[in-house]
Amino acid sequence: MDKPYTRQELLVIAVARQIKDGDNALLGIGLPTIAGAVAKHNHAPRARLMMESGIADFDPVVPPMHIADACCTEGYSYAIDLFGMFTSITFAGYLDKAVLGVGQIDKYGNLNSSYMVSPDGKPERITGAGGAPEFISYAKETILTLKSGEFVEKLDYFTSPGYLGGGNERDESGIYPKGSGPSILITPRAMFKFDSKTKEMYLSALAPGVSLDKIKSKIPWELKVAQELERFPVPTQEELAFLRKFSPRSCFSTRVSNELLMNTAIEAFSQRAAFLEQTRKHGVIQNAAS
Amino acid sequence: MTQSNSTKVMTTKEAVKRFVHDGDTIITGNYTEALPLSLIFEVIRQEKKEMTLYSQSGNMDAEFLVAGDCISRMVSTFVTKWGGRQGGSMVGRYLKAGKLEIEDYTNFTYNAMLAAGAAGYSYMQVLPAIMDTDVFKKRGFMGANKFGVTTCPFTGKTIPVVPAANPDVCLLHVQRADKYGNAQHWGGLGSTVHACLASKNIIVTCEEIVDHEVIRSAPHHTIVPDFRVSAVIEEPYGCHPMELPGYYGTDLNALSIFMFTNATETGLKDWMEEWVYALPDRSSYIQHYIETYGLPTLEQYRAKPYYSAPTNYGISTKSLWDEQGKSIEMNIDFAEMEKLIVEKGDLVNG
């Protein structure tokens with residue numbers, strides 16, 4: 001009998017399926033790198049996985065924590081730098097896919113990862129632009145993933161261009177490669193694509209056990225729905241086996257995953273008086289619990 | 001600037017004292033991996049003030065320098081939320097409190113400013129799509145000088161540009177260097193080379209100072225040449241708790257403490273009292289780490305070797321005189337050649 005799988009695993013595998021054999025695929029940190037590793041080990045052995053720090057054609061053995069992580073430089077084919085990654089690979093037209101995470105997204109696939117307006121009306125720092133604006137602009141195609149981000153009518157800050165105001169605006173501006181832009185947005189609950197004429201996002205697939213109303217409740221505009229929904233890809237046993245070995249915590253929600261990590265750290269280190277001493281002294285236990 | 005050939009080997013304390021000044025623009029040379037934390041801790045201990053920090057990833061480097069009250073302005077592309085989704089970051093806290101200003105770039109446009117600075121150009125073209133974003137449209141303390149636009153003389157197209165950046169000091173940690181300052185690094189490079197070469201002074205800490213011959217046998221690893229380097233310091237564990245390929249991995253023990261303490265401003269500042277201010281240098285930092293957590297904790301993060309294939313730079317001819325002392329080109333020995341000089345040479349004297 002098939003093993004049960006989680007909603008988080010469903011998302012990773014669905015993203016992995018977007019990476020095809022032979023692709024030059026730029027991966028953002030986190031879920032995209034994990035999905036890239038799954039793709040490379042299951043169906044795309046000749047995909048060239050890349051990170052913007054200049055690490056090209058790598059094969060991660062453990063999930064990297066940041067985009068220059070040494071765990072990705074033990075064996076890789078092409079050591080360049082960030083400037084070359086954006087120019088000779090991306091702008092020159094050799095990047096097939098960019099796989100990026102989303103903070104805020106609007107109906108035309110434009111993104112914000114810089115600032116959000118807090119309830120008191122002040123802009124609050126999220127993370128920043130990083131490499132997203134240029135990758136979504138010049139990759140032939142961009143795969144977007146959304147775990148804890150949100151759909152908004154209007155972005156609080158315009159970090160990365162999707163289809164701008166929709167329609168032909170992106171193609172006609174003359175500064176983007178023709179036909180480029182986000183092709184799909186994958187969340188743990190649904191998939192969205194962009195209408196070929198209006199470039200407006202529409203629902204293309206529902207994950208198992210998710211209702212249309214549930215999706216619509218998260219979206220502040222009148223969401224369009226494909227006439228015929230596609231089937232949401234379901235993980236195979238092989239994909240699950242690899243994912244669980246490669247990145248065991250990816251099976252869980254961020255909250256559960258962090259809890260498990262913190263418990264392990266506290267349990268392992270509490271056997272050492274020194275760790276406890278440090279944590280008490282600097283208020284770590286209180287901070288962690290708050 | 002070209003650095004003098006007098007000895008550059010010194011202590012971190014001396015290097016920071018000589019080359020880092022209040023009000024300077026400093027840049028983190030490394031890109032997330034191998035952050036130059038020994039140098040950063042010393043800058044904090046020496047209480048440098050009112051500096052502008054270029055930090056591509058707004059990582060631990062920025063968190064410490066901001067918490068140390070060294071920085072009033074920052075140019076960056078990213079702020080890492082080390083304190084978690086709720087805790088946020090020291091940079092975020094200082095921004096909110098109005099104690100820090102930030103100018104936002106993207107990874108590429110940030111790198112392009114340094115590439116221009118390194119090349120000696122006054123500006124560098126960047127990728128046109130940036131003009132559609134708020135990164136281009138919204139200006140912080142750089143105002144009109146954040147981005148510009150120009151016209152390509154060949155195509156007539158409008159091209160966005162960034163100004164050159166030339167920081168006063170670059171802080172860099174690498175695997176190895178020689179006493180002259182030739183610095184070698186391998187692993188994720190990011191914009192490290194441009195960050196170094198754009199800067200007026202470069203301070204290099206390295207795990208090992210090696211013989212000049214070691215450097216000469218592997219020039220493809222040299223990322224900064226000696227004539228650009230101001231100071232060289234042998235500083236084992238110079239980027240701990242971050243990782244350095246071939247030497248050590250990320251120290252998860254130290255990192256969890258850092259993450260947990262950085263959930264609040266006082267948590268991190270309190271930690272820094274013990275681990276930054278109360279210790280004079282990196283060797284006492286490591287000594288304190290070993291005394292606190294035990295040597296096995298530190299040792300478990302030591303890298304297991306993975307050697308690059310040796311590079312064969314061998315050539316066929318190393319002298320134009322063969323083993324018998326004959327000239328390969330003229331088939332005569334040295335004495336015969338000197339006779340010929342008298343006979344056929346265009347002599348100046350005698």
# chains A, B, ... in the order shown; residues from 1 in each chain; ligands from 1
$ interface_residues --of "chain A" --to "chain B" --cutoff "7 Å" --atoms "only C-alpha atoms" --output "ChimeraX atom specification"
/A:53-55,66,68-70,73-74,81-83,86,125,127-131,133,137,157-161,175-176,274,282-284,287-288
$ residues_around --residues "Ile105 (chain A)" --least-positions-apart "5" --cutoff "7 Å" --atoms "only C-alpha atoms" --output "VMD selection string"
chain A and resid 110 to 112 150 to 152 155
$ closest_residue --among "A:Gly109, A:Glu124, A:Leu260, A:Lys216" --to "Tyr163 (chain A)" --atoms "only C-alpha atoms"
A:Gly109
$ closest_residue --among "A:Thr90, A:Ser173, A:Gln18, A:Thr6" --to "Arg244 (chain A)" --atoms "only C-alpha atoms"
A:Thr6
$ select_by_dssp --residues "region 98-310 of chain B" --states "helix (DSSP H, G or I)" --output "PyMOL selection string"
chain B and resi 107-119+128-132+134-137+143-145+192-198+212-217+219-221+226-228+252-261+265-277+282-293+295-299
$ atom_distance --atom1 "CA of Tyr202 (chain A)" --atom2 "CA of Leu164 (chain A)"
15.9 Å
$ atom_distance --atom1 "CA of Ala218 (chain B)" --atom2 "CA of Thr311 (chain B)"
7.7 Å
$ atom_distance --atom1 "CA of Ser113 (chain A)" --atom2 "CA of Gly149 (chain A)"
9.4 Å
$ closest_residue --among "A:Tyr108, A:Gly101, A:Ile126, A:Ala226" --to "Asn168 (chain A)" --atoms "only C-alpha atoms"
A:Tyr108
